[in-house]
$ cat query-v1.cif   # mmCIF, C-alpha atoms and all ligand atoms
data_start
#
loop_
_atom_site.group_PDB
_atom_site.id
_atom_site.type_symbol
_atom_site.label_atom_id
_atom_site.label_comp_id
_atom_site.auth_asym_id
_atom_site.auth_seq_id
_atom_site.Cartn_x
_atom_site.Cartn_y
_atom_site.Cartn_z
ATOM 1 C CA MET K 1 -29.656 150.398 -45.142
ATOM 2 C CA ALA K 2 -31.233 148.334 -47.892
ATOM 3 C CA ARG K 3 -27.917 146.603 -48.494
ATOM 4 C CA ARG K 4 -27.882 144.610 -45.271
ATOM 5 C CA ASP K 5 -29.983 141.811 -46.758
ATOM 6 C CA THR K 6 -28.826 138.639 -48.473
ATOM 7 C CA PRO K 7 -25.979 138.718 -51.040
ATOM 8 C CA GLU K 8 -28.490 137.753 -53.699
ATOM 9 C CA SER K 9 -30.759 140.699 -53.050
ATOM 10 C CA GLU K 10 -27.639 142.893 -53.019
ATOM 11 C CA ALA K 11 -26.851 141.773 -56.559
ATOM 12 C CA TRP K 12 -30.419 142.588 -57.589
ATOM 13 C CA LEU K 13 -30.178 145.981 -55.916
ATOM 14 C CA GLY K 14 -27.167 146.666 -58.143
ATOM 15 C CA LEU K 15 -29.289 145.872 -61.191
ATOM 16 C CA LEU K 16 -32.131 147.997 -59.859
ATOM 17 C CA GLU K 17 -29.776 150.936 -59.353
ATOM 18 C CA ALA K 18 -28.633 150.591 -62.957
ATOM 19 C CA ALA K 19 -32.256 150.444 -64.126
ATOM 20 C CA LEU K 20 -33.123 153.554 -62.130
ATOM 21 C CA GLY K 21 -30.194 155.421 -63.682
ATOM 22 C CA GLU K 22 -31.223 154.288 -67.139
ATOM 23 C CA SER K 23 -34.781 155.406 -66.513
ATOM 24 C CA GLU K 24 -33.714 158.861 -65.325
ATOM 25 C CA ASP K 25 -31.975 159.816 -68.551
ATOM 26 C CA GLY K 26 -34.262 157.734 -70.683
ATOM 27 C CA ALA K 27 -35.565 159.989 -73.450
ATOM 28 C CA MET K 28 -35.279 157.009 -75.777
ATOM 29 C CA TRP K 29 -37.689 154.999 -73.609
ATOM 30 C CA GLU K 30 -40.165 157.891 -73.579
ATOM 31 C CA ALA K 31 -39.952 157.871 -77.370
ATOM 32 C CA ALA K 32 -40.780 154.144 -77.423
ATOM 33 C CA VAL K 33 -44.130 154.484 -75.598
ATOM 34 C CA PRO K 34 -46.588 152.900 -78.054
ATOM 35 C CA THR K 35 -50.105 153.754 -79.109
ATOM 36 C CA PRO K 36 -52.305 151.119 -77.434
ATOM 37 C CA ALA K 37 -53.717 148.474 -79.774
ATOM 38 C CA ALA K 38 -57.192 149.557 -80.858
ATOM 39 C CA GLN K 39 -58.893 146.150 -80.724
ATOM 40 C CA ARG K 40 -58.248 144.978 -77.180
ATOM 41 C CA PRO K 41 -60.562 142.701 -75.198
ATOM 42 C CA ILE K 42 -62.214 144.571 -72.327
ATOM 43 C CA LYS K 43 -60.111 142.810 -69.691
ATOM 44 C CA ALA K 44 -56.820 143.277 -71.537
ATOM 45 C CA PRO K 45 -54.178 145.601 -70.046
ATOM 46 C CA VAL K 46 -53.248 148.751 -71.977
ATOM 47 C CA LEU K 47 -50.025 147.226 -73.347
ATOM 48 C CA SER K 48 -51.715 144.058 -74.611
ATOM 49 C CA HIS K 49 -50.786 143.432 -78.273
ATOM 50 C CA ALA K 50 -48.961 146.766 -78.465
ATOM 51 C CA GLN K 51 -46.332 147.273 -81.151
ATOM 52 C CA ILE K 52 -43.373 148.899 -79.441
ATOM 53 C CA THR K 53 -40.657 150.425 -81.570
ATOM 54 C CA VAL K 54 -37.360 151.089 -79.826
ATOM 55 C CA ASP K 55 -34.033 152.563 -80.828
ATOM 56 C CA GLY K 56 -32.419 149.181 -81.517
ATOM 57 C CA ARG K 57 -28.820 150.132 -80.925
ATOM 58 C CA ALA K 58 -29.475 151.979 -77.664
ATOM 59 C CA ALA K 59 -31.798 149.268 -76.351
ATOM 60 C CA ARG K 60 -29.272 146.512 -77.098
ATOM 61 C CA SER K 61 -26.480 148.453 -75.462
ATOM 62 C CA TRP K 62 -28.638 148.967 -72.353
ATOM 63 C CA VAL K 63 -29.324 145.215 -72.023
ATOM 64 C CA ARG K 64 -25.627 144.464 -72.630
ATOM 65 C CA ARG K 65 -24.652 146.875 -69.855
ATOM 66 C CA LEU K 66 -26.963 145.058 -67.460
ATOM 67 C CA LEU K 67 -25.700 141.634 -68.524
ATOM 68 C CA LYS K 68 -22.157 142.758 -67.765
ATOM 69 C CA LEU K 69 -23.156 143.170 -64.111
ATOM 70 C CA ILE K 70 -23.492 139.392 -63.854
ATOM 71 C CA PRO K 71 -19.910 138.102 -63.906
ATOM 72 C CA THR K 72 -20.679 134.653 -65.341
ATOM 73 C CA VAL K 73 -22.523 135.900 -68.419
ATOM 74 C CA ASN K 74 -21.099 136.547 -71.865
ATOM 75 C CA PRO K 75 -23.330 139.433 -73.038
ATOM 76 C CA ARG K 76 -22.637 138.700 -76.716
ATOM 77 C CA ARG K 77 -24.488 135.417 -76.484
ATOM 78 C CA ILE K 78 -27.833 136.972 -75.532
ATOM 79 C CA ASP K 79 -30.040 138.808 -78.049
ATOM 80 C CA GLY K 80 -30.903 141.972 -76.118
ATOM 81 C CA LEU K 81 -34.111 142.820 -77.979
ATOM 82 C CA ALA K 82 -35.428 139.250 -77.762
ATOM 83 C CA LEU K 83 -34.794 139.298 -74.023
ATOM 84 C CA LEU K 84 -36.516 142.671 -73.684
ATOM 85 C CA GLU K 85 -39.594 141.479 -75.569
ATOM 86 C CA ALA K 86 -39.852 138.195 -73.640
ATOM 87 C CA ALA K 87 -39.455 140.061 -70.344
ATOM 88 C CA VAL K 88 -42.089 142.695 -71.151
ATOM 89 C CA CYS K 89 -44.452 139.839 -72.144
ATOM 90 C CA HIS K 90 -43.497 137.985 -68.941
ATOM 91 C CA ASP K 91 -42.777 134.951 -71.104
ATOM 92 C CA ASP K 92 -40.477 132.883 -68.893
ATOM 93 C CA ALA K 93 -40.408 129.944 -71.312
ATOM 94 C CA ARG K 94 -38.888 132.192 -73.994
ATOM 95 C CA ILE K 95 -36.381 133.616 -71.513
ATOM 96 C CA ASP K 96 -35.350 130.074 -70.583
ATOM 97 C CA VAL K 97 -34.666 129.302 -74.250
ATOM 98 C CA LEU K 98 -32.465 132.410 -74.475
ATOM 99 C CA ALA K 99 -30.713 131.362 -71.261
ATOM 100 C CA ALA K 100 -29.987 127.894 -72.611
ATOM 101 C CA ALA K 101 -28.619 129.364 -75.854
ATOM 102 C CA GLY K 102 -26.431 131.818 -73.950
ATOM 103 C CA GLY K 103 -25.292 129.406 -71.251
ATOM 104 C CA VAL K 104 -26.860 131.465 -68.443
ATOM 105 C CA GLU K 105 -28.668 130.229 -65.349
ATOM 106 C CA PRO K 106 -32.370 130.648 -66.319
ATOM 107 C CA HIS K 107 -33.564 132.135 -63.020
ATOM 108 C CA ALA K 108 -30.864 134.814 -63.159
ATOM 109 C CA LEU K 109 -31.835 135.746 -66.704
ATOM 110 C CA ARG K 110 -35.523 135.964 -65.752
ATOM 111 C CA VAL K 111 -34.752 138.469 -63.015
ATOM 112 C CA LEU K 112 -32.312 140.357 -65.216
ATOM 113 C CA GLY K 113 -34.898 140.471 -68.011
ATOM 114 C CA GLN K 114 -37.416 142.077 -65.661
ATOM 115 C CA MET K 115 -34.828 144.660 -64.617
ATOM 116 C CA ALA K 116 -34.027 145.335 -68.278
ATOM 117 C CA ALA K 117 -37.707 145.950 -68.995
ATOM 118 C CA LEU K 118 -38.194 148.435 -66.144
ATOM 119 C CA PRO K 119 -37.188 151.691 -67.890
ATOM 120 C CA LEU K 120 -39.511 150.900 -70.815
ATOM 121 C CA LEU K 121 -42.424 149.781 -68.614
ATOM 122 C CA GLN K 122 -42.090 152.774 -66.312
ATOM 123 C CA ALA K 123 -41.997 155.133 -69.284
ATOM 124 C CA CYS K 124 -45.163 153.434 -70.584
ATOM 125 C CA ALA K 125 -46.861 153.859 -67.190
ATOM 126 C CA ARG K 126 -46.087 157.599 -67.263
ATOM 127 C CA GLY K 127 -46.999 158.070 -70.912
ATOM 128 C CA LEU K 128 -50.167 155.959 -70.943
ATOM 129 C CA ALA K 129 -51.673 156.822 -67.542
ATOM 130 C CA SER K 130 -54.564 158.582 -69.288
ATOM 131 C CA GLU K 131 -55.477 155.316 -71.062
ATOM 132 C CA LEU K 132 -56.224 153.494 -67.803
ATOM 133 C CA LEU K 133 -59.881 152.789 -67.079
ATOM 134 C CA ALA K 134 -61.304 154.607 -64.045
ATOM 135 C CA THR K 135 -62.280 151.290 -62.461
ATOM 136 C CA TRP K 136 -60.341 148.067 -62.864
ATOM 137 C CA TRP K 137 -61.634 144.906 -61.246
ATOM 138 C CA GLU K 138 -58.936 142.467 -62.297
ATOM 139 C CA GLY K 139 -56.192 141.182 -60.019
ATOM 140 C CA TYR K 140 -53.457 141.968 -62.578
ATOM 141 C CA CYS K 141 -51.971 145.328 -63.528
ATOM 142 C CA PRO K 142 -54.239 147.355 -65.853
ATOM 143 C CA LEU K 143 -51.181 148.589 -67.745
ATOM 144 C CA CYS K 144 -48.695 145.699 -68.000
ATOM 145 C CA GLY K 145 -50.593 142.608 -66.832
ATOM 146 C CA ALA K 146 -48.279 141.682 -63.924
ATOM 147 C CA TRP K 147 -49.538 140.527 -60.530
ATOM 148 C CA PRO K 148 -49.299 143.213 -57.848
ATOM 149 C CA VAL K 149 -46.323 142.852 -55.480
ATOM 150 C CA VAL K 150 -47.809 144.822 -52.619
ATOM 151 C CA ALA K 151 -51.118 146.080 -51.294
ATOM 152 C CA GLU K 152 -50.630 149.511 -49.781
ATOM 153 C CA TYR K 153 -52.927 150.989 -47.158
ATOM 154 C CA THR K 154 -52.627 154.739 -47.352
ATOM 155 C CA GLY K 155 -53.620 157.692 -45.233
ATOM 156 C CA LEU K 156 -55.957 157.860 -42.280
ATOM 157 C CA GLU K 157 -58.705 155.862 -43.951
ATOM 158 C CA ARG K 158 -56.219 153.076 -44.882
ATOM 159 C CA LYS K 159 -57.379 153.031 -48.471
ATOM 160 C CA ARG K 160 -56.204 149.816 -50.114
ATOM 161 C CA ARG K 161 -54.395 150.017 -53.423
ATOM 162 C CA LEU K 162 -52.589 147.257 -55.289
ATOM 163 C CA ARG K 163 -49.242 148.200 -56.783
ATOM 164 C CA CYS K 164 -47.475 146.723 -59.775
ATOM 165 C CA GLY K 165 -43.810 145.865 -59.189
ATOM 166 C CA ARG K 166 -42.899 146.472 -62.840
ATOM 167 C CA CYS K 167 -44.536 149.659 -64.086
ATOM 168 C CA GLY K 168 -45.564 150.984 -60.648
ATOM 169 C CA THR K 169 -49.228 151.457 -61.590
ATOM 170 C CA GLY K 170 -51.680 151.406 -58.675
ATOM 171 C CA TRP K 171 -55.334 150.342 -58.668
ATOM 172 C CA ALA K 172 -58.041 149.650 -56.114
ATOM 173 C CA ILE K 173 -60.128 146.478 -55.865
ATOM 174 C CA PRO K 174 -62.536 145.428 -53.086
ATOM 175 C CA LEU K 175 -60.867 144.766 -49.780
ATOM 176 C CA LEU K 176 -61.524 141.101 -49.313
ATOM 177 C CA ARG K 177 -60.776 139.308 -52.510
ATOM 178 C CA CYS K 178 -57.827 137.172 -53.575
ATOM 179 C CA VAL K 179 -56.190 138.845 -56.590
ATOM 180 C CA PHE K 180 -54.945 135.517 -57.936
ATOM 181 C CA CYS K 181 -58.090 133.336 -57.833
ATOM 182 C CA ASP K 182 -60.903 135.828 -57.031
ATOM 183 C CA GLU K 183 -61.784 134.042 -53.773
ATOM 184 C CA THR K 184 -64.142 136.244 -51.724
ATOM 185 C CA GLU K 185 -65.142 133.811 -48.937
ATOM 186 C CA HIS K 186 -63.856 135.446 -45.721
ATOM 187 C CA ASP K 187 -62.988 132.125 -44.123
ATOM 188 C CA ASN K 188 -60.551 131.372 -46.929
ATOM 189 C CA LEU K 189 -58.665 134.660 -46.701
ATOM 190 C CA GLY K 190 -56.300 135.643 -43.942
ATOM 191 C CA TYR K 191 -53.012 137.255 -43.141
ATOM 192 C CA LEU K 192 -49.729 136.652 -41.373
ATOM 193 C CA THR K 193 -47.996 139.319 -39.305
ATOM 194 C CA PRO K 194 -44.249 139.461 -38.683
ATOM 195 C CA GLU K 195 -43.204 138.243 -35.244
ATOM 196 C CA ALA K 196 -40.934 141.225 -34.716
ATOM 197 C CA GLY K 197 -44.053 143.341 -34.363
ATOM 198 C CA ASP K 198 -43.630 145.733 -37.280
ATOM 199 C CA GLU K 199 -47.217 146.900 -37.388
ATOM 200 C CA THR K 200 -46.915 148.431 -40.835
ATOM 201 C CA ARG K 201 -46.309 145.017 -42.428
ATOM 202 C CA LYS K 202 -48.418 141.957 -43.071
ATOM 203 C CA ILE K 203 -48.722 139.157 -45.577
ATOM 204 C CA GLU K 204 -52.140 138.569 -47.109
ATOM 205 C CA VAL K 205 -52.784 134.910 -47.854
ATOM 206 C CA CYS K 206 -55.447 132.869 -49.632
ATOM 207 C CA HIS K 207 -56.140 129.351 -48.368
ATOM 208 C CA THR K 208 -57.871 128.397 -51.602
ATOM 209 C CA CYS K 209 -54.997 128.971 -54.078
ATOM 210 C CA LYS K 210 -52.196 129.309 -51.504
ATOM 211 C CA GLY K 211 -51.236 132.662 -53.018
ATOM 212 C CA TYR K 212 -49.752 135.479 -50.948
ATOM 213 C CA MET K 213 -49.067 139.175 -51.298
ATOM 214 C CA LYS K 214 -47.237 141.564 -49.025
ATOM 215 C CA GLY K 215 -49.120 144.443 -47.446
ATOM 216 C CA VAL K 216 -47.784 147.751 -46.133
ATOM 217 C CA THR K 217 -49.312 150.704 -44.356
ATOM 218 C CA THR K 218 -47.933 154.022 -45.592
ATOM 219 C CA VAL K 219 -48.564 157.690 -44.920
ATOM 220 C CA ARG K 220 -48.705 158.447 -48.628
ATOM 221 C CA THR K 221 -48.670 156.353 -51.755
ATOM 222 C CA LEU K 222 -45.281 154.906 -52.753
ATOM 223 C CA ALA K 223 -43.470 156.317 -55.799
ATOM 224 C CA PRO K 224 -43.126 153.761 -58.629
ATOM 225 C CA TRP K 225 -39.465 153.061 -57.847
ATOM 226 C CA ALA K 226 -40.180 152.845 -54.131
ATOM 227 C CA VAL K 227 -42.561 149.941 -54.870
ATOM 228 C CA LEU K 228 -39.682 147.987 -56.435
ATOM 229 C CA LEU K 229 -37.244 148.868 -53.692
ATOM 230 C CA ASP K 230 -39.795 147.937 -51.030
ATOM 231 C CA ASP K 231 -40.356 144.570 -52.697
ATOM 232 C CA LEU K 232 -36.622 143.827 -52.858
ATOM 233 C CA THR K 233 -35.894 144.880 -49.304
ATOM 234 C CA THR K 234 -38.687 142.862 -47.707
ATOM 235 C CA VAL K 235 -37.439 139.468 -48.897
ATOM 236 C CA PRO K 236 -37.664 138.067 -45.311
ATOM 237 C CA LEU K 237 -41.459 138.410 -45.582
ATOM 238 C CA ASP K 238 -41.424 136.355 -48.799
ATOM 239 C CA VAL K 239 -39.285 133.746 -47.097
ATOM 240 C CA ALA K 240 -41.747 133.599 -44.188
ATOM 241 C CA ALA K 241 -44.675 133.089 -46.585
ATOM 242 C CA LEU K 242 -42.848 130.437 -48.626
ATOM 243 C CA GLU K 243 -41.886 128.560 -45.480
ATOM 244 C CA ARG K 244 -45.563 128.338 -44.586
ATOM 245 C CA GLY K 245 -46.482 126.870 -47.960
ATOM 246 C CA TYR K 246 -47.704 130.013 -49.699
ATOM 247 C CA ARG K 247 -46.404 131.101 -53.075
ATOM 248 C CA ARG K 248 -46.860 133.539 -55.920
ATOM 249 C CA PRO K 249 -48.240 132.257 -59.229
ATOM 250 C CA GLU K 250 -45.681 131.290 -61.875
ATOM 251 C CA ARG K 251 -47.992 132.321 -64.719
ATOM 252 C CA PRO K 252 -48.259 136.025 -65.567
ATOM 253 C CA GLY K 253 -51.452 137.802 -64.587
ATOM 254 C CA TYR K 254 -52.253 138.487 -68.224
ATOM 255 C CA PRO K 255 -49.963 137.484 -71.119
ATOM 256 C CA LEU K 256 -49.340 140.723 -73.021
ATOM 257 C CA GLU K 257 -48.265 139.357 -76.405
ATOM 258 C CA CYS K 258 -46.809 142.690 -77.397
ATOM 259 C CA ARG K 259 -44.016 143.006 -79.940
ATOM 260 C CA ILE K 260 -40.808 144.996 -79.796
ATOM 261 C CA THR K 261 -39.318 146.033 -83.092
ATOM 262 C CA GLU K 262 -36.388 148.231 -83.794
ATOM 263 C CA ARG K 263 -36.280 151.581 -85.468
ATOM 264 C CA ARG K 264 -33.520 151.490 -88.045
ATOM 265 C CA GLY K 265 -31.274 154.228 -89.308
ATOM 266 C CA TRP K 266 -30.704 155.443 -92.868
ATOM 267 C CA GLY K 267 -28.828 152.289 -93.837
ATOM 268 C CA ARG K 268 -32.019 150.331 -93.562
ATOM 269 C CA LEU K 269 -33.930 152.816 -95.684
ATOM 270 C CA VAL K 270 -31.382 152.398 -98.447
ATOM 271 C CA GLU K 271 -31.712 148.669 -98.182
ATOM 272 C CA VAL K 272 -35.481 148.456 -98.473
ATOM 273 C CA GLY K 273 -36.064 151.499 -100.692
ATOM 274 C CA GLY K 274 -37.219 151.370 -104.316
ATOM 275 C CA GLY K 275 -35.207 151.374 -107.557
ATOM 276 C CA TRP K 276 -33.970 154.880 -107.261
ATOM 277 C CA TRP K 277 -32.069 154.159 -104.029
ATOM 278 C CA ARG K 278 -30.778 150.813 -105.216
ATOM 279 C CA LEU K 279 -29.187 152.445 -108.238
ATOM 280 C CA LEU K 280 -27.404 154.850 -105.935
ATOM 281 C CA ARG K 281 -25.888 151.951 -104.031
ATOM 282 C CA ARG K 282 -24.669 150.142 -107.138
ATOM 283 C CA GLY K 283 -22.678 153.118 -108.300
ATOM 284 C CA LEU K 284 -23.542 156.028 -110.466
ATOM 285 C CA HIS K 285 -22.398 154.976 -113.926
ATOM 286 C CA HIS K 286 -25.750 156.062 -115.264
ATOM 287 C CA PRO K 287 -27.100 158.543 -112.781
ATOM 288 C CA PRO K 288 -30.860 158.267 -112.611
ATOM 289 C CA ALA K 289 -32.903 161.301 -113.435
ATOM 290 C CA PRO K 290 -33.766 163.085 -110.202
ATOM 291 C CA PRO K 291 -37.428 163.006 -109.183
ATOM 292 C CA PRO K 292 -39.352 165.926 -110.707
ATOM 293 C CA SER K 293 -39.259 169.078 -108.624
ATOM 294 C CA SER K 294 -42.367 171.143 -108.106
ATOM 295 C CA THR K 295 -41.098 173.742 -110.603
ATOM 296 C CA ASP K 296 -40.786 171.062 -113.273
ATOM 297 C CA LEU K 297 -44.322 169.927 -112.612
ATOM 298 C CA ARG K 298 -45.705 173.404 -112.905
ATOM 299 C CA ARG K 299 -43.821 173.942 -116.120
ATOM 300 C CA GLY K 300 -45.239 170.662 -117.442
ATOM 301 C CA GLU K 301 -48.769 171.791 -116.773
ATOM 302 C CA ALA K 302 -48.334 175.087 -118.547
HETATM 303 ZN ZN ZN Y 401 -47.719 147.033 -64.348
HETATM 304 ZN ZN ZN Y 402 -56.553 132.745 -54.039
#

$ encode --input "query-v1.cif" --output "structure tokens" --more "lines below"
Ligand SMILES: [Zn+2]
Ligand SMILES: [Zn+2]
Amino acid sequence: MARRDTPESEAWLGLLEAALGESEDGAMWEAAVPTPAAQRPIKAPVLSHAQITVDGRAARSWVRRLLKLIPTVNPRRIDGLALLEAAVCHDDARIDVLAAAGGVEPHALRVLGQMAALPLLQACARGLASELLATWWEGYCPLCGAWPVVAEYTGLERKRRLRCGRCGTGWAIPLLRCVFCDETEHDNLGYLTPEAGDETRKIEVCHTCKGYMKGVTTVRTLAPWAVLLDDLTTVPLDVAALERGYRRPERPGYPLECRITERRGWGRLVEVGGGWWRLLRRGLHHPPAPPPSSTDLRRGEA
């Protein structure tokens, strides 16, 4: 059903399917969930300035697999970990540099980068849910700093929750306020409804900053992956908003500035280790004395 949309959104659905599969057997992403940085400003999302250590080989191979789904791209020309880090940080300028170096269309690499980051971000949302503050007043995601893609109105009381299109986190902020520019003046906030008369859908707009966000009424809250799928399959609503001069901000909600480093195997340990290891690598013409065992130590004391 979701596939009836434009060819472009079909290509993205293919990437999303791959990301979902990767997330489902993603023990390595669970293992990469970082400890939040201790010294964060009060308005900083949980992942701000986090040091994320991933299994380098597996992470690179995941990004390469995704790149292969775009026929015009040579996966060897893109540094997978650099793309992952830039995407998690929502740093489009850095992604554009990678795109230029790899001869890829920048917009395609931006979208692909976001897809590549999904398994990691979703694992972080699951693993760090307890770190979220009980109340969050900002317009951007309390976990990953992205702007919400949809406002969902759930249950009989139509409780409004904003949902992140990356990590899936949901949070509530007062009903009438623009998430992008904090406008609260009622006259400057409005909404568009689809002509077809789908009463579960609307587009919330702000006349002050010209920002828009989709809204949906649901029986129960959407699962994290359903938020992404919903966003991708309601592209006609985005088109309608864009045609009327509304847009979504180019800048990220909150720049994360986190770092992704790679966990290395034994080879690396040998490389950086002290003299004892280095001697082993050079060859054992003069085998070094082994480090003292506990028995030796005890004998020494006696
Ligand atoms: Zn998020
Ligand atoms: Zn606004």

$ residues_around --input "query-v1.cif" --residues "Gly21 (chain K)" --least-positions-apart "2" --cutoff "12 Å" --atoms "all atoms listed in the file" --output "list in words"
Gly14, Leu15, Leu16, Glu17, Ala18, Ala19, Ser23, Glu24, Asp25, Gly26, Trp62, Arg65, Leu66, Met115, Ala116, Leu118, Pro119 and Trp225 of chain K

$ resolve_selection --input "query-v1.cif" --expression "the PyMOL selection byres (((chain K and resi 147) around 10) and not hetatm)" --output "MDAnalysis selection string"
chainID K and resid 138:142 144:146 148:150 162:166 179:180 213 248:249 251:254

$ closest_residue --input "query-v1.cif" --among "K:Leu20, K:Cys89, K:Cys167, K:Ala101" --to "Ile260 (chain K)" --atoms "all atoms listed in the file"
K:Cys89

$ resolve_selection --input "query-v1.cif" --expression "the PyMOL selection byres (((chain K and resi 235-244) around 9) and not hetatm)" --output "PyMOL selection string"
chain K and resi 5-6+9+192+194+201-203+205+212-214+231-234+245-248

$ resolve_selection --input "query-v1.cif" --expression "the PyMOL selection byres (((chain K and resi 170-173) around 7) and not hetatm)" --output "count of residues only"
11

$ atom_distance --input "query-v1.cif" --atom1 "CA of Glu30 (chain K)" --atom2 "CA of Arg126 (chain K)"
8.7 Å

$ residues_around --input "query-v1.cif" --residues "region 35-38 of chain K" --least-positions-apart "3" --cutoff "8 Å" --atoms "all atoms listed in the file" --output "list in words"
Val46, Leu47, Ser48, His49, Ala50 and Gln51 of chain K

$ closest_residue --input "query-v1.cif" --among "K:Glu157, K:His90, K:Arg60, K:Leu81" --to "Glu250 (chain K)" --atoms "all atoms listed in the file"
K:His90

$ decode --input "query-v1.cif" --residues "region 120-139 of chain K" --atoms "C-alpha atoms" --output "PDB file, in the first residue's frame"
ATOM      1  CA  LEU K 120      22.012   3.524  16.110  1.00  0.00           C
ATOM      2  CA  LEU K 121      19.600   6.339  17.028  1.00  0.00           C
ATOM      3  CA  GLN K 122      16.740   3.939  17.682  1.00  0.00           C
ATOM      4  CA  ALA K 123      18.967   1.776  19.866  1.00  0.00           C
ATOM      5  CA  CYS K 124      19.952   4.930  21.785  1.00  0.00           C
ATOM      6  CA  ALA K 125      16.281   5.880  22.236  1.00  0.00           C
ATOM      7  CA  ARG K 126      15.566   2.436  23.726  1.00  0.00           C
ATOM      8  CA  GLY K 127      18.697   2.325  25.860  1.00  0.00           C
ATOM      9  CA  LEU K 128      18.590   5.907  27.145  1.00  0.00           C
ATOM     10  CA  ALA K 129      14.841   6.394  27.688  1.00  0.00           C
ATOM     11  CA  SER K 130      15.430   6.599  31.445  1.00  0.00           C
ATOM     12  CA  GLU K 131      17.739   9.605  30.916  1.00  0.00           C
ATOM     13  CA  LEU K 132      14.966  11.758  29.440  1.00  0.00           C
ATOM     14  CA  LEU K 133      13.686  14.575  31.634  1.00  0.00           C
ATOM     15  CA  ALA K 134      10.060  14.224  32.758  1.00  0.00           C
ATOM     16  CA  THR K 135       9.199  17.572  31.172  1.00  0.00           C
ATOM     17  CA  TRP K 136      10.808  18.935  28.030  1.00  0.00           C
ATOM     18  CA  TRP K 137       9.808  22.352  26.763  1.00  0.00           C
ATOM     19  CA  GLU K 138      11.991  22.584  23.679  1.00  0.00           C
ATOM     20  CA  GLY K 139      10.749  22.132  20.126  1.00  0.00           C
TER      21      GLY K 139
END
